[in-house]
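Visitor: What follows is the file data-v5.cif, containing mmCIF, C-alpha atoms and all ligand atoms:
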```cif
data_start
loop_
_atom_site.label_atom_id
_atom_site.label_comp_id
_atom_site.auth_asym_id
_atom_site.auth_seq_id
_atom_site.Cartn_x
_atom_site.Cartn_y
_atom_site.Cartn_z
CA MET A 1 196.48 -147.86 171.39
CA LYS A 2 199.51 -146.31 169.66
CA THR A 3 201.42 -143.73 171.66
CA ALA A 4 204.37 -141.54 170.65
CA ILE A 5 206.62 -139.30 172.72
CA TYR A 6 207.12 -135.74 171.42
CA PRO A 7 210.28 -134.57 173.20
CA GLY A 8 211.82 -131.10 173.17
CA SER A 9 212.91 -128.05 175.09
CA PHE A 10 209.67 -126.13 174.44
CA ASP A 11 211.24 -122.94 175.84
CA PRO A 12 208.57 -121.83 175.14
CA LEU A 13 205.94 -123.80 173.18
CA THR A 14 205.06 -122.15 169.84
CA ASN A 15 202.28 -122.58 167.31
CA GLY A 16 204.82 -124.63 165.31
CA HIS A 17 204.90 -127.17 168.15
CA ILE A 18 201.10 -127.09 168.34
CA SER A 19 200.89 -127.91 164.61
CA ILE A 20 203.21 -130.91 165.13
CA ILE A 21 201.04 -132.12 168.03
CA ARG A 22 197.94 -131.70 165.84
CA GLY A 23 199.60 -133.73 163.05
CA GLY A 24 200.84 -136.29 165.55
CA LEU A 25 197.29 -136.90 166.72
CA ILE A 26 196.33 -137.86 163.16
CA ALA A 27 199.02 -140.54 163.17
CA PHE A 28 198.83 -141.64 166.82
CA ASP A 29 196.11 -142.22 169.38
CA HIS A 30 198.03 -140.60 172.18
CA LEU A 31 201.01 -138.26 172.56
CA ILE A 32 203.25 -137.62 175.52
CA VAL A 33 204.75 -134.15 175.21
CA ALA A 34 207.97 -134.51 177.18
CA VAL A 35 209.99 -131.48 178.29
CA LEU A 36 213.70 -132.16 178.54
CA ASN A 37 215.06 -130.97 181.86
CA ASN A 38 218.62 -130.08 180.90
CA PRO A 39 220.42 -128.15 183.67
CA GLN A 40 223.35 -127.50 181.27
CA LYS A 41 221.15 -125.40 178.97
CA THR A 42 220.09 -121.93 180.06
CA SER A 43 216.39 -121.48 179.59
CA LEU A 44 214.02 -118.55 179.89
CA PHE A 45 211.27 -120.61 181.52
CA SER A 46 211.62 -123.21 184.26
CA VAL A 47 210.49 -126.75 183.48
CA GLU A 48 207.44 -126.21 185.70
CA GLU A 49 206.49 -123.04 183.79
CA ARG A 50 206.96 -124.81 180.45
CA LEU A 51 204.76 -127.73 181.59
CA GLN A 52 202.04 -125.33 182.71
CA MET A 53 202.08 -123.42 179.41
CA ILE A 54 201.91 -126.68 177.42
CA ARG A 55 199.05 -127.96 179.55
CA GLU A 56 197.03 -124.75 179.18
CA SER A 57 197.78 -124.46 175.44
CA CYS A 58 196.80 -128.08 174.76
CA ASP A 59 193.56 -127.58 176.73
CA GLU A 60 192.88 -124.44 174.73
CA ALA A 61 193.52 -126.35 171.48
CA GLY A 62 191.00 -128.97 172.63
CA PHE A 63 193.34 -131.98 172.54
CA GLY A 64 191.75 -133.33 175.72
CA ASP A 65 193.15 -136.50 177.25
CA ARG A 66 194.81 -137.58 173.98
CA VAL A 67 197.83 -135.51 175.01
CA SER A 68 199.65 -135.92 178.30
CA ILE A 69 202.48 -133.76 179.55
CA ASP A 70 205.62 -134.85 181.34
CA SER A 71 209.28 -133.95 181.86
CA PHE A 72 212.39 -136.10 181.81
CA GLU A 73 216.10 -135.96 182.49
CA GLY A 74 218.92 -137.91 180.93
CA LEU A 75 218.73 -140.09 177.84
CA LEU A 76 215.54 -139.95 175.81
CA VAL A 77 215.74 -143.68 174.99
CA ASP A 78 215.86 -144.48 178.72
CA TYR A 79 212.79 -142.34 179.27
CA ALA A 80 210.98 -144.01 176.35
CA GLN A 81 211.79 -147.46 177.75
CA GLN A 82 210.58 -146.39 181.15
CA ARG A 83 207.26 -145.20 179.63
CA SER A 84 207.07 -148.35 177.42
CA VAL A 85 206.79 -146.21 174.27
CA ASN A 86 208.79 -147.09 171.13
CA VAL A 87 208.02 -144.15 168.83
CA LEU A 88 209.55 -140.67 169.07
CA LEU A 89 207.91 -137.79 167.21
CA ARG A 90 209.91 -134.82 165.93
CA GLY A 91 209.15 -131.88 163.65
CA LEU A 92 211.09 -130.79 160.57
CA ARG A 93 211.36 -127.24 159.32
CA ALA A 94 214.29 -126.22 157.15
CA VAL A 95 217.28 -128.20 155.88
CA LYS A 96 219.16 -127.15 159.00
CA ASP A 97 216.76 -129.22 161.14
CA TYR A 98 217.34 -132.24 158.93
CA GLU A 99 221.04 -132.61 159.74
CA TYR A 100 220.53 -132.25 163.48
CA GLU A 101 217.47 -134.51 163.53
CA LEU A 102 219.25 -137.16 161.42
CA GLN A 103 222.11 -137.15 163.90
CA MET A 104 219.81 -137.44 166.92
CA ALA A 105 217.58 -140.12 165.36
CA SER A 106 220.65 -142.14 164.32
CA MET A 107 222.17 -141.88 167.78
CA ASN A 108 218.90 -142.93 169.41
CA ARG A 109 218.65 -145.87 167.01
CA HIS A 110 222.21 -146.85 167.91
CA LEU A 111 221.32 -146.70 171.62
CA ASP A 112 218.08 -148.64 171.16
CA PRO A 113 217.24 -150.19 167.76
CA GLN A 114 213.70 -150.96 168.99
CA ILE A 115 212.82 -147.27 169.15
CA GLU A 116 211.80 -145.50 165.92
CA THR A 117 211.75 -141.75 165.21
CA VAL A 118 208.91 -140.40 163.08
CA PHE A 119 208.97 -136.90 161.52
CA ILE A 120 206.19 -134.52 160.68
CA MET A 121 206.77 -131.59 158.33
CA ALA A 122 206.29 -128.10 159.68
CA ASN A 123 203.12 -126.32 158.72
CA GLU A 124 204.13 -123.68 156.09
CA THR A 125 202.61 -120.94 158.25
CA TYR A 126 205.06 -121.68 161.07
CA PHE A 127 208.02 -122.83 159.00
CA TYR A 128 210.20 -119.98 160.29
CA VAL A 129 209.00 -120.12 163.89
CA ALA A 130 211.53 -121.27 166.48
CA SER A 131 211.45 -120.79 170.26
CA ASN A 132 214.79 -118.96 170.24
CA LEU A 133 213.71 -116.52 167.54
CA VAL A 134 210.39 -115.89 169.30
CA LYS A 135 212.25 -115.05 172.54
CA GLU A 136 214.75 -112.82 170.71
CA VAL A 137 212.07 -110.86 168.86
CA ARG A 138 209.89 -110.54 171.98
CA LYS A 139 212.85 -109.28 174.05
CA LEU A 140 213.37 -106.55 171.43
CA GLY A 141 209.72 -105.55 171.71
CA GLY A 142 208.38 -107.30 168.59
CA ASP A 143 204.86 -108.72 168.45
CA VAL A 144 204.86 -112.54 168.53
CA SER A 145 201.25 -112.99 169.62
CA GLU A 146 200.30 -114.77 166.40
CA LEU A 147 203.19 -117.19 166.67
CA VAL A 148 202.53 -118.62 170.14
CA PRO A 149 199.44 -119.86 172.00
CA GLU A 150 197.75 -117.31 174.26
CA PRO A 151 198.99 -118.81 177.58
CA VAL A 152 202.56 -118.45 176.24
CA ALA A 153 202.03 -114.87 175.04
CA ARG A 154 200.72 -114.02 178.50
CA ARG A 155 203.73 -115.46 180.30
CA LEU A 156 206.16 -113.85 177.87
CA ALA A 157 204.57 -110.52 178.77
CA THR A 158 204.89 -111.24 182.50
CA LYS A 159 208.51 -112.34 182.15
CA LEU A 160 209.74 -109.79 179.63
CA GLY A 161 207.36 -106.91 180.18
CA ARG A 162 205.87 -104.53 177.59
P1 LIG B 201 214.90 -129.20 170.86
O1 LIG B 201 215.68 -128.31 171.77
O2 LIG B 201 214.87 -130.62 171.29
O3 LIG B 201 215.21 -129.05 169.39
P2 LIG B 201 212.47 -127.70 170.46
O4 LIG B 201 211.49 -127.35 171.51
O5 LIG B 201 213.22 -126.57 169.84
O6 LIG B 201 213.39 -128.77 171.12
O7 LIG B 201 211.74 -128.51 169.29
C1 LIG B 201 211.13 -129.74 169.51
C2 LIG B 201 210.78 -130.35 168.16
O8 LIG B 201 209.80 -129.55 167.50
C3 LIG B 201 211.96 -130.45 167.19
O9 LIG B 201 211.83 -131.65 166.43
C4 LIG B 201 211.79 -129.25 166.30
O10 LIG B 201 212.35 -129.46 165.02
C5 LIG B 201 210.27 -129.16 166.23
N1 LIG B 201 209.82 -127.81 165.92
C6 LIG B 201 210.12 -126.66 166.57
N2 LIG B 201 209.52 -125.59 165.99
C7 LIG B 201 208.81 -126.09 164.95
C8 LIG B 201 207.99 -125.50 163.93
N3 LIG B 201 207.80 -124.18 163.85
N4 LIG B 201 207.41 -126.32 163.03
C9 LIG B 201 207.65 -127.64 163.09
N5 LIG B 201 208.41 -128.27 164.00
C10 LIG B 201 209.00 -127.50 164.90
#
```
Using structure tokens, write down the structure from this file.
Guide:
Amino acid sequence: MKTAIYPGSFDPLTNGHISIIRGGLIAFDHLIVAVLNNPQKTSLFSVEERLQMIRESCDEAGFGDRVSIDSFEGLLVDYAQQRSVNVLLRGLRAVKDYEYELQMASMNRHLDPQIETVFIMANETYFYVASNLVKEVRKLGGDVSELVPEPVARRLATKLGR
């Protein structure tokens, strides 16, 4: 059984992330969606809230037990070794992503040459969707309900009101 880790901040999960998970399940038997717990980064949602939203959204999408949810701290390659997984899954949107992702994938390869990063292209519908932009627009009162799963839309409303 081939498993990949899909790591990220997921603050919060968007439909773009869901489309990467959907694509990942075509390529892999099992995915571990892993939320990076980075105390240095300010986040809107706690790790626990992010895990809950991912769990509910993946259930809603019908991924069943092919997706498991986890969080990690520290180096991603250490986490991958600990989980005995040697493939990392990431999503690519615009050219801007490419530079950052190339840097991260190269660094991870330097740290552990046995671990490979695999990329899936963003679904055109969600090409412009990023967690930060979703938060920004929602804070200003914009409607993001078509860009995030329902459990996320609900929590954004609780957290940000309106
Ligand atoms: P990070 O802080 O690690 O970049 P994110 O939660 O922002 O974490 O993103 C996790 C991964 O999902 C990244 O590889 C990112 O490029 C990808 N991603 C985010 N939004 C989308 C989207 N709309 N379409 C495709 N991939 C996306």
Visitor: Hey, what's within 8 Å of Ile69 of chain A if we count all atoms listed in the file and toss same-chain stuff fewer than 2 positions away? As a list of chain:residue names, please?
Guide: A:Ile32, A:Val33, A:Ala34, A:Val35, A:Leu51, A:Ile54, A:Arg55, A:Val67, A:Ser71
Visitor: Between A:Arg93, A:Pro12, A:Asp112, A:Glu99, which residue has the minimum interatomic distance to Asp78 of chain A, considering only C-alpha atoms?
Guide: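 Looking only at the distances to Asp78 of chain A, the closest residue turns out to be A:Asp112.
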Visitor: Find the residues near Met53 of chain A: any atom within 10 Å, counting only C-alpha atoms, skip ones fewer than 6 places away on the same chain, and give them as an MDAnalysis selection string.
Guide: chainID A and resid 10:13 45 47 59 149:155
Visitor: His17 of chain A: which residues within 12 Å, counting only C-alpha atoms, same-chain residues fewer than 5 positions away excluded, as an MDAnalysis selection string?
Guide: chainID A and resid 6:12 22:24 33 54 57:58 61 89:93 120:123 125:131 147:149
Visitor: Just to confirm, what's the straight-line distance from atom CA of Asn86 of chain A to atom CA of Arg109 of chain A in Å (one decimal)?
Guide: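 Atom-to-atom, atom CA of Asn86 of chain A to atom CA of Arg109 of chain A, that is 10.8 Å.
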Visitor: From the list A:Ser43, A:Leu76, A:Glu48, A:Leu156, which residue is nearest Val137 of chain A when using all atoms listed in the file?
Guide: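 Closest to Val137 of chain A, using all atoms listed in the file: A:Leu156.
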